[in-house]
Each structure stands twice: as C-alpha cells, then as structure tokens.
>>> print(open('my_file_11.txt').read())   # compact mmCIF, C-alpha atoms and all ligand atoms
# COMPACT_ATOMS: atom_id res chain seq x y z
CA MET A 755 -6.05 36.64 -17.40
CA ARG A 756 -5.54 37.68 -13.80
CA THR A 757 -3.89 35.05 -11.57
CA PRO A 758 -6.23 34.35 -8.66
CA VAL A 759 -4.98 35.11 -5.15
CA VAL A 760 -6.04 33.58 -1.85
CA ALA A 761 -4.45 35.12 1.23
CA GLY A 762 -4.86 33.92 4.80
CA ASN A 763 -4.88 36.62 7.46
CA TRP A 764 -4.24 34.87 10.75
CA LYS A 765 -4.71 38.08 12.72
CA MET A 766 -3.47 37.86 16.35
CA HIS A 767 -3.55 34.10 16.72
CA GLY A 768 -0.99 31.62 17.87
CA THR A 769 2.56 31.08 19.01
CA VAL A 770 5.49 30.28 16.75
CA GLU A 771 5.06 26.61 17.54
CA GLU A 772 1.38 26.74 16.61
CA ALA A 773 2.24 28.55 13.39
CA ARG A 774 4.69 25.79 12.47
CA HIS A 775 2.05 23.11 13.03
CA ARG A 776 -0.54 25.00 11.02
CA VAL A 777 1.79 25.52 8.07
CA TRP A 778 2.97 21.95 8.24
CA ASP A 779 -0.63 20.75 7.94
CA MET A 780 -1.34 22.78 4.80
CA LEU A 781 1.99 22.82 3.02
CA GLN A 782 1.71 19.73 0.85
CA PRO A 783 -1.83 20.28 -0.49
CA LEU A 784 -1.16 23.99 -1.00
CA GLN A 785 1.89 23.23 -3.11
CA GLU A 786 -0.26 21.25 -5.51
CA LEU A 787 -2.46 24.29 -6.23
CA SER A 788 0.16 26.36 -7.99
CA GLY A 789 -2.31 28.10 -10.34
CA VAL A 790 -3.42 30.23 -7.41
CA GLU A 791 -1.16 32.78 -5.73
CA ARG A 792 -1.23 31.57 -2.13
CA VAL A 793 -0.22 33.97 0.63
CA ILE A 794 0.05 33.27 4.34
CA CYS A 795 -0.01 36.25 6.72
CA PRO A 796 0.95 35.13 10.24
CA PRO A 797 1.68 37.47 13.15
CA PHE A 798 5.07 39.25 13.04
CA THR A 799 6.56 36.92 15.63
CA ALA A 800 6.01 33.91 13.37
CA LEU A 801 7.25 35.47 10.12
CA LEU A 802 10.78 34.09 10.35
CA ALA A 803 9.69 30.57 11.26
CA VAL A 804 7.09 30.49 8.48
CA ALA A 805 9.54 32.02 5.97
CA ASN A 806 11.92 29.17 6.67
CA MET A 807 9.20 26.60 6.11
CA LEU A 808 8.11 28.19 2.82
CA MET A 809 11.63 28.37 1.43
CA GLY A 810 11.86 26.39 -1.81
CA THR A 811 8.08 26.52 -2.32
CA ASP A 812 6.08 29.04 -4.35
CA ILE A 813 3.84 29.87 -1.41
CA ARG A 814 4.27 33.49 -0.39
CA LEU A 815 4.47 35.25 2.91
CA GLY A 816 2.77 38.45 3.99
CA ALA A 817 2.81 40.70 7.05
CA GLN A 818 -0.42 42.04 8.51
CA ASN A 819 0.71 45.64 8.91
CA MET A 820 3.77 47.87 8.93
CA HIS A 821 4.85 51.46 9.52
CA TRP A 822 5.64 53.62 6.50
CA ALA A 823 9.02 54.91 7.63
CA THR A 824 12.15 52.94 6.78
CA GLU A 825 13.45 53.32 10.33
CA GLY A 826 13.24 55.72 13.24
CA ALA A 827 11.99 56.45 16.75
CA PHE A 828 8.65 54.63 16.47
CA THR A 829 8.55 52.34 19.48
CA GLY A 830 6.74 49.11 18.85
CA GLU A 831 6.46 49.54 15.09
CA ILE A 832 7.86 47.39 12.27
CA SER A 833 9.26 49.06 9.15
CA PRO A 834 8.83 48.07 5.51
CA ARG A 835 12.54 47.29 5.36
CA MET A 836 12.12 44.80 8.20
CA VAL A 837 9.03 43.24 6.65
CA ALA A 838 10.80 42.89 3.31
CA GLU A 839 13.48 40.74 4.94
CA PHE A 840 10.93 37.93 5.20
CA ALA A 841 7.77 38.76 3.30
CA GLN A 842 6.70 39.65 -0.23
CA TYR A 843 3.24 41.02 0.67
CA VAL A 844 1.79 43.27 3.33
CA ILE A 845 -1.82 43.85 4.33
CA VAL A 846 -2.51 47.57 4.52
CA GLY A 847 -5.51 49.36 6.00
CA HIS A 848 -7.34 46.37 7.41
CA SER A 849 -10.60 47.55 9.00
CA GLU A 850 -9.41 46.32 12.40
CA ARG A 851 -6.40 48.63 12.06
CA ARG A 852 -8.70 51.47 11.04
CA LYS A 853 -11.16 50.76 13.88
CA PHE A 854 -8.85 49.98 16.80
CA PHE A 855 -5.56 51.68 15.90
CA GLY A 856 -6.54 54.92 14.24
CA GLU A 857 -5.49 54.04 10.72
CA THR A 858 -6.91 56.45 8.14
CA ASP A 859 -7.02 56.69 4.36
CA GLU A 860 -4.02 59.00 4.70
CA THR A 861 -1.85 56.50 6.65
CA VAL A 862 -2.93 53.82 4.18
CA ARG A 863 -1.67 56.02 1.35
CA LYS A 864 1.76 56.35 3.03
CA LYS A 865 1.97 52.63 3.68
CA VAL A 866 1.09 51.74 0.10
CA ARG A 867 3.85 54.05 -1.14
CA ALA A 868 6.33 52.53 1.35
CA ALA A 869 5.37 48.99 0.39
CA LEU A 870 5.98 49.67 -3.30
CA ASP A 871 9.30 51.36 -2.51
CA HIS A 872 10.41 48.15 -0.76
CA ASP A 873 9.16 45.78 -3.47
CA LEU A 874 6.34 44.55 -1.28
CA THR A 875 2.92 43.89 -2.80
CA PRO A 876 0.34 45.74 -0.72
CA ILE A 877 -2.99 44.02 -0.12
CA ILE A 878 -5.10 47.13 0.40
CA CYS A 879 -8.29 46.64 2.40
CA VAL A 880 -11.35 48.74 1.70
CA GLY A 881 -14.98 48.38 2.72
CA GLU A 882 -17.96 50.08 4.28
CA THR A 883 -19.31 49.81 7.82
CA ILE A 884 -22.89 48.67 8.44
CA GLY A 885 -23.94 52.26 9.09
CA GLU A 886 -22.45 53.39 5.79
CA ARG A 887 -24.15 50.53 3.98
CA GLU A 888 -27.53 51.31 5.50
CA THR A 889 -27.29 54.98 4.56
CA GLY A 890 -26.34 54.22 0.97
CA LEU A 891 -22.72 55.37 1.33
CA THR A 892 -20.98 52.14 0.26
CA ASP A 893 -19.95 53.28 -3.19
CA ARG A 894 -18.74 56.69 -2.07
CA VAL A 895 -16.70 55.29 0.84
CA VAL A 896 -15.04 52.54 -1.19
CA HIS A 897 -14.31 54.89 -4.09
CA GLN A 898 -12.59 57.36 -1.75
CA GLN A 899 -10.61 54.62 0.02
CA VAL A 900 -9.27 53.30 -3.30
CA LEU A 901 -8.51 56.75 -4.64
CA THR A 902 -6.58 57.92 -1.56
CA ALA A 903 -4.70 54.64 -1.09
CA LEU A 904 -3.33 54.89 -4.63
CA ALA A 905 -2.88 58.67 -4.77
CA ASP A 906 0.92 58.41 -5.04
CA CYS A 907 1.07 55.59 -7.58
CA SER A 908 1.80 55.53 -11.29
CA PRO A 909 -0.47 53.35 -13.47
CA GLU A 910 2.27 50.72 -13.60
CA GLU A 911 2.55 50.66 -9.79
CA ALA A 912 -1.21 50.60 -9.37
CA SER A 913 -1.43 47.56 -11.64
CA ARG A 914 0.71 45.60 -9.15
CA VAL A 915 -1.31 46.19 -5.99
CA ILE A 916 -4.00 43.87 -4.69
CA ILE A 917 -7.25 45.33 -3.39
CA ALA A 918 -9.39 43.43 -0.89
CA TYR A 919 -13.02 44.48 -0.61
CA GLU A 920 -13.94 43.60 2.96
CA PRO A 921 -17.30 44.98 4.07
CA VAL A 922 -16.67 45.65 7.77
CA TRP A 923 -20.02 44.13 8.78
CA ALA A 924 -19.07 40.84 7.08
CA ILE A 925 -15.81 40.34 8.97
CA GLY A 926 -16.00 37.58 11.56
CA THR A 927 -19.80 37.69 11.61
CA GLY A 928 -20.82 34.90 9.26
CA LEU A 929 -22.74 37.52 7.29
CA THR A 930 -21.81 38.23 3.68
CA PRO A 931 -23.12 40.21 0.77
CA THR A 932 -24.37 38.02 -2.05
CA PRO A 933 -21.67 37.17 -4.60
CA GLU A 934 -23.52 39.40 -7.07
CA GLU A 935 -23.49 42.33 -4.64
CA ALA A 936 -19.79 41.91 -3.96
CA ASN A 937 -19.08 41.64 -7.68
CA ARG A 938 -21.01 44.85 -8.30
CA VAL A 939 -18.76 46.76 -5.87
CA HIS A 940 -15.69 45.21 -7.46
CA ARG A 941 -16.78 46.19 -10.96
CA GLU A 942 -18.81 49.36 -10.60
CA VAL A 943 -16.84 50.96 -7.78
CA ILE A 944 -13.30 49.55 -7.49
CA ARG A 945 -12.51 48.82 -11.14
CA ALA A 946 -14.40 51.92 -12.26
CA THR A 947 -12.33 54.06 -9.88
CA LEU A 948 -9.13 52.46 -11.15
CA ALA A 949 -10.18 52.97 -14.76
CA ALA A 950 -11.00 56.64 -14.27
CA ARG A 951 -7.73 57.34 -12.45
CA PHE A 952 -5.24 55.05 -14.24
CA GLY A 953 -6.93 53.83 -17.43
CA GLU A 954 -8.75 50.69 -18.51
CA ALA A 955 -5.65 48.55 -18.89
CA THR A 956 -4.63 49.06 -15.25
CA ALA A 957 -8.19 48.50 -14.04
CA ARG A 958 -8.26 45.17 -15.85
CA GLN A 959 -4.93 44.04 -14.36
CA VAL A 960 -5.52 44.71 -10.65
CA ARG A 961 -6.54 41.70 -8.61
CA VAL A 962 -9.58 42.48 -6.47
CA LEU A 963 -10.27 40.01 -3.66
CA TYR A 964 -13.39 39.58 -1.59
CA GLY A 965 -13.00 39.22 2.21
CA GLY A 966 -15.44 38.75 5.06
CA SER A 967 -16.64 35.36 6.35
CA VAL A 968 -15.26 33.42 3.37
CA LYS A 969 -15.61 29.71 4.11
CA PRO A 970 -15.28 26.55 2.02
CA HIS A 971 -19.06 26.41 1.49
CA ASN A 972 -19.49 29.97 0.17
CA ALA A 973 -16.13 30.46 -1.59
CA PRO A 974 -17.21 28.85 -4.91
CA GLY A 975 -20.08 31.33 -5.22
CA PHE A 976 -17.75 34.31 -4.84
CA PHE A 977 -15.11 32.86 -7.16
CA ALA A 978 -17.70 32.25 -9.88
CA GLN A 979 -18.03 36.03 -10.24
CA PRO A 980 -15.97 37.56 -13.06
CA ASP A 981 -14.61 40.52 -11.06
CA ILE A 982 -13.74 38.57 -7.90
CA ASP A 983 -10.15 37.36 -8.27
CA GLY A 984 -9.82 35.49 -4.99
CA ALA A 985 -10.22 36.00 -1.27
CA LEU A 986 -8.68 37.45 1.85
CA VAL A 987 -9.60 34.87 4.47
CA GLY A 988 -9.61 35.42 8.23
CA GLY A 989 -11.02 32.78 10.57
CA ALA A 990 -11.07 29.95 8.02
CA SER A 991 -7.36 30.46 7.28
CA LEU A 992 -6.57 29.19 10.79
CA ASP A 993 -7.94 25.78 9.83
CA PRO A 994 -5.56 24.14 7.33
CA GLN A 995 -8.25 21.99 5.73
CA ALA A 996 -10.63 24.90 5.32
CA PHE A 997 -7.92 27.15 3.88
CA VAL A 998 -6.82 24.50 1.38
CA ALA A 999 -10.47 23.94 0.39
CA ILE A 1000 -10.86 27.66 -0.34
CA VAL A 1001 -7.67 27.72 -2.43
CA ARG A 1002 -8.90 24.65 -4.29
CA ALA A 1003 -12.23 26.36 -4.97
CA ALA A 1004 -10.35 29.31 -6.47
CA ALA A 1005 -8.27 26.99 -8.67
CA GLU A 1006 -11.39 25.23 -9.92
CA ALA A 1007 -13.49 28.33 -10.50
CA LYS A 1008 -10.71 30.19 -12.28
CA GLY A 1009 -9.67 27.23 -14.39
CA THR A 1010 -6.12 26.91 -13.10
CA LYS A 1011 -6.56 23.30 -12.08
P1 LIG A 1101 -13.12 36.51 8.49
O1 LIG A 1101 -12.84 35.61 7.30
O2 LIG A 1101 -12.82 35.87 9.80
O3 LIG A 1101 -14.48 37.12 8.41
O4 LIG A 1101 -12.07 37.74 8.39
C1 LIG A 1101 -11.95 38.42 7.19
C2 LIG A 1101 -10.79 39.32 7.30
O5 LIG A 1101 -10.80 40.30 8.02
C3 LIG A 1101 -9.59 38.99 6.52
O6 LIG A 1101 -8.68 40.03 6.53
>>> encode(input="my_file_11.txt", output="structure tokens", more="lines below")
Ligand code: 13P
Amino acid sequence: MRTPVVAGNWKMHGTVEEARHRVWDMLQPLQELSGVERVICPPFTALLAVANMLMGTDIRLGAQNMHWATEGAFTGEISPRMVAEFAQYVIVGHSERRKFFGETDETVRKKVRAALDHDLTPIICVGETIGERETGLTDRVVHQQVLTALADCSPEEASRVIIAYEPVWAIGTGLTPTPEEANRVHREVIRATLAARFGEATARQVRVLYGGSVKPHNAPGFFAQPDIDGALVGGASLDPQAFVAIVRAAAEAKGTK
C-alpha cells in the first residue's frame, strides 16, 4: 500500500505573516488526517517560520526549487544543503520553472541527484504542454521527462521519489484531464517507464500525484483512481479550508480515515 501524499505548492504568494496565518488556519484539521502525507511548500522566505510552526507535528515542509550545487558562486540561488536545514521535500522541475527560468530535463536530473544526496524527497514534476497534447506527444514527452530525471538513481533511490503529473495546460486554468485520462498516463506512461528502467517492485512503490486545477469538488474523482496516489495542489492550497478538504478527500478515498 502506498501512503497517499497531498502537497500544497503556494508558489510566489504571501509574506511571512500571511504564511503564519494560513498555516495556523489549517494546522489543527490537518493534524487529524495523519493517514495522508501532508506537505506544505511555502516560498523560501517563509520556510523558517513555517518550520517552527510544524515542529512537533507530522506535517512536512517542502521547498519549491533549489540549485543542485552544495554551495558556490551562484548569486540568488538556494542550495540543497540550505533547503535541508528546514525542509524534507523539494519540488523539482515545476513547469513554471521550465517555462520561465530555463529549467530542462538535464537540470532536473542534477537537482534530483542533489536532493537525494541531502536526504530530501524530490517531488518531480512532469507533464505535456497543450501543443504536445494536441500533436499526440504526451506519452513520449512524459516518458522522457521521467527517464532523464531519474537517470542517476538506483532502484532503491527511485522508489523514494515522488512524481507529480501536471499537464501544463491544466495548471491554473480550471481545465483538467478526466480522472481516467490522468490515471492512464500514471499507469501506462509513468509506472511503465519506471518498471522498464527499475523493475516492477520500484514502479509499484513510487507515489505518483496528479496536479493541475485540483479543487475540493474534483479531488475525489482523481483519488478514486488506482494509480493516482494524491495531489500537488496550487491555487487551492492557499485556502486553508480547500486544502484541508482535499487532504480529507485523499484520506477517505485511500481508506486511511
Ligand atoms: P493549480 O492547482 O493552481 O492549477 O496549480 C497546480 C500546480 O502547479 C501545483 O504545482
């Protein structure tokens, strides 16, 4: 049985004070949903404040990005060693990083390696653009993204990563694939790629999340799918009630509550 995961990616939203309020408003109900791995990914500036609030709970903290080098002359970057001071997870290769900041499958590969070297769990984002979808390239693109991201991993390391399938056209748009379509990519592309490269056992262990316009009303449909192990939530994770409702839906669908 794979433990479900729901991670909230706050993206570039809010001050430290606003982060404190948001966490305060979700902390109690989130603590009651311990069958789901719950991860909060605030901006870097709020990591310390949120880490302090999560201390003594089993709610985890994630960063939204990092550099791959341990330290060095990389002005404006944050290293895995710095992230690991506060966080246990790190989002790698989000489509907004790929689109606006030149991240490639190759930089994702380096970051995944660095995350594992610093005992961070990478949440690796993959997904096709609308153009790729319309030209029938979804499977090829996602397969290649998974393969390159994990190129430096042993089967044991691969079994510990989290993969988030986030179709780019579904992010922040209110559009989503059907749960069945998402599940097909999870099973026939992501798990199949993992099985071919690392073996069936690893493919069965990896948590594969769906991301892209996940809201309380559509979350149960995604979580009812056998190969969808949770969600990476953007906009709805900024609303404490909505985020808790999505975590609760995961707990109910996966039988941990
Ligand atoms: P939305 O839930 O706002 O579509 O964002 C998804 C996402 O990019 C999470 O990483």
>>> closest_residue(input="my_file_11.txt", among="A:Asp812, A:Asp993, A:Glu771, A:Glu935", to="Gln979 of chain A", atoms="all atoms listed in the file")
A:Glu935
>>> residues_near_point(input="my_file_11.txt", point="(6.4, 31.0, 5.6)", cutoff="9 Å", atoms="all atoms listed in the file", output="number ranges by chain")
A: 774, 777, 793-796, 800-809, 813-816, 840-841
>>> residues_near_ligand(input="my_file_11.txt", ligand="ligand LIG 1101 (chain A)", cutoff="7 Å", atoms="all atoms listed in the file", output="list in words")
Asn763, His848, Glu920, Ala924, Ile925, Gly926, Thr927, Gly928, Gly965, Gly966, Ser967, Val968, Leu986, Val987, Gly988, Gly989 and Ala990 of chain A
>>> atom_distance(input="my_file_11.txt", atom1="atom CA of Ala1003 of chain A", atom2="atom CA of Pro974 of chain A")
5.6 Å
>>> residues_around(input="my_file_11.txt", residues="Glu882 of chain A", least_positions_apart="2", cutoff="6 Å", atoms="all atoms listed in the file", output="number ranges by chain")
A: 886, 892, 921-922
>>> atom_distance(input="my_file_11.txt", atom1="atom CA of Thr811 of chain A", atom2="atom CA of Ala1004 of chain A")
19.1 Å
